[in-house]
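See below for the structure under consideration.
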Amino acid sequence: MKLKGKVAIVTGSTRGIGKAIAIRFAKEGARVVVNGVSDIKKCDDVVKEIKKFSGEAISILADVSKKADVEKMISETVKKFGRIDIIVNNAGILDMSDFLSLTEEHWDRILAVDLKGTFLCMQAAAKQMIKQGKNGKIVNISSIAGFVGFTRLAHYCAAKAGVIELTKEVAIELAPHKINVNAIAPGAIETDMTKDILADPQALKGFLGLIPLGRIGKPEDIASAALFLASDDANYVTGATLIVDGGWTIQ
Ligand code: NAP
C-alpha cells in the first residue's frame, strides 16, 4: 500500500495507460479521480472496476485544454476528498499528418491537449498542493517522441518534447514547496491510440525489430513507473524523465 491515504487525479483515465494508472494507484490505497473528456459513463465504468476491489474513486468529466474545466476538476476533488497529493497528467491525443500538409487547426489541437493541458493541470494542482503545505507529486506523461523524431508526427513530437522541458523547469520552481515533478516517456504501448498501427502486421514487425526487449509495452508497464514516481520512494527524484520503452531509444 504505497499510496495509502493519498488523493490522486489521473487525467485521461477512462482507458489505456491512464486507466491502468488509476487502477494501480487505487490498489495501492489512493483515493482516485478518474477523468475523461467524452462521456462520464466511461469514467463511471472505471470507478465501478475500482470499487469492485473496495477501492475509492470518483468520476470528473473535464477537458484538460480548458482552464475553467481544469479549475473545476481541482475544486471538485478538494470538495470530495479534501486534498490533492498526486496528479498524473496523462490525457493526450495523437493524429498523424505529413509536415507539409499539417494544418494550423491540427497543430493547435495537439498542442492544446498534450502540452497546454499539462501546463494547466500542473499549475492548478500545484497551487492546491502549496496550500496544503506538504509533499506533492506531479507525474507528466510524455513520450519517446519527445526525444526522437517520428515521421508524420511533427506536432505531437513538439508537444511531447515541450512536456519534458516543462517538467524540468517546473521541478526547479516547485522544489522549495517539496513538490516533485517528473515525467515518463513511454515507447509503443498497446492502447486505443496505437491499435490501428499495431494491427498492421508489417508495422508491428518493424516496431518489434526496434525494441530490444522484444515486445510491445502494456499500460501496466507505465503504471508501475508512475507508481514509483508518485510514491515516497521517489522523494529525491525531481525533473527527471523516466524512459519506459523496452530499450527502443538506447540503440
Ligand atoms: P488513449 O487510449 O487514446 O486514451 C486517451 C485518454 O485521454 C482517454 O481517457 C481520453 O478520454 C483522454 N483525453 C483525451 N483528450 C482529453 C482532454 N482534452 N481532456 C481530458 N481527457 C482527454 O491513449 P493512451 O495510449 O492511453 O495514451 C495516454 C498518454 O500516453 C497520452 O498522453 C499519450 O500521448 C501517451 N503515450 C502513449 C503511447 C502509446 O504507445 N500508447 C506512447 C507514448 C506516450 P475519453 O475516453 O473521454 O476520450
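Residue numbering restarts at 1 for every chain of the C-alpha cells, chains are lettered A, B, ... in their displayed order, and ligands are numbered from 1 as they appear.
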
Return as a PyMOL selection string the residues of protein, DNA or RNA that approach ligand 1 to within 6 Å, with only C-alpha atoms and all ligand atoms taken into account. chain A and resi 11-18+36-39+62-65+90-93+113+141-143+186-194

Please provide as a PyMOL selection string all residues within 9 Å of Leu227 in chain A, with the sequence filter that same-chain residues fewer than 3 positions apart are discarded (counting only C-alpha atoms). chain A and resi 2-3+21+24-25+28+222-224+230-231

For Glu49 in chain A, which residue out of A:Val237, A:Ala20, A:Ile184, A:Ile197 is the nearest one, using only C-alpha atoms?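 Answer, going by the shortest atom-to-atom distance: A:Ala20.
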
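Among the candidate residues A:Lys41, A:Lys137, A:Gly246, A:Ser54, the one lying nearest to Phe207 in chain A is A:Gly246, with distances computed using only C-alpha atoms.
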
Can you list, as a list in words, all residues belonging to range 181-223 of chain A that DSSP tags as helix (DSSP H, G or I)?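 Everything in range 181-223 of chain A that counts as helix (DSSP H, G or I) is Lys195, Asp196, Ile197, Leu198, Pro201, Gln202, Ala203, Leu204, Lys205, Gly206, Phe207, Leu208, Gly209, Leu210, Pro219, Glu220, Asp221, Ile222 and Ala223 of chain A.
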
Taking into account only C-alpha atoms, which residue in the set A:Gly117, A:Lys48, A:Gly55, A:Ala124 is nearest to Met73 in chain A? A:Ala124

Using only C-alpha atoms, pick whichever of A:Ser101, A:Ala183, A:Asp245, A:Ile216 has the shortest atom-to-atom distance to Leu198 in chain A. A:Ile216
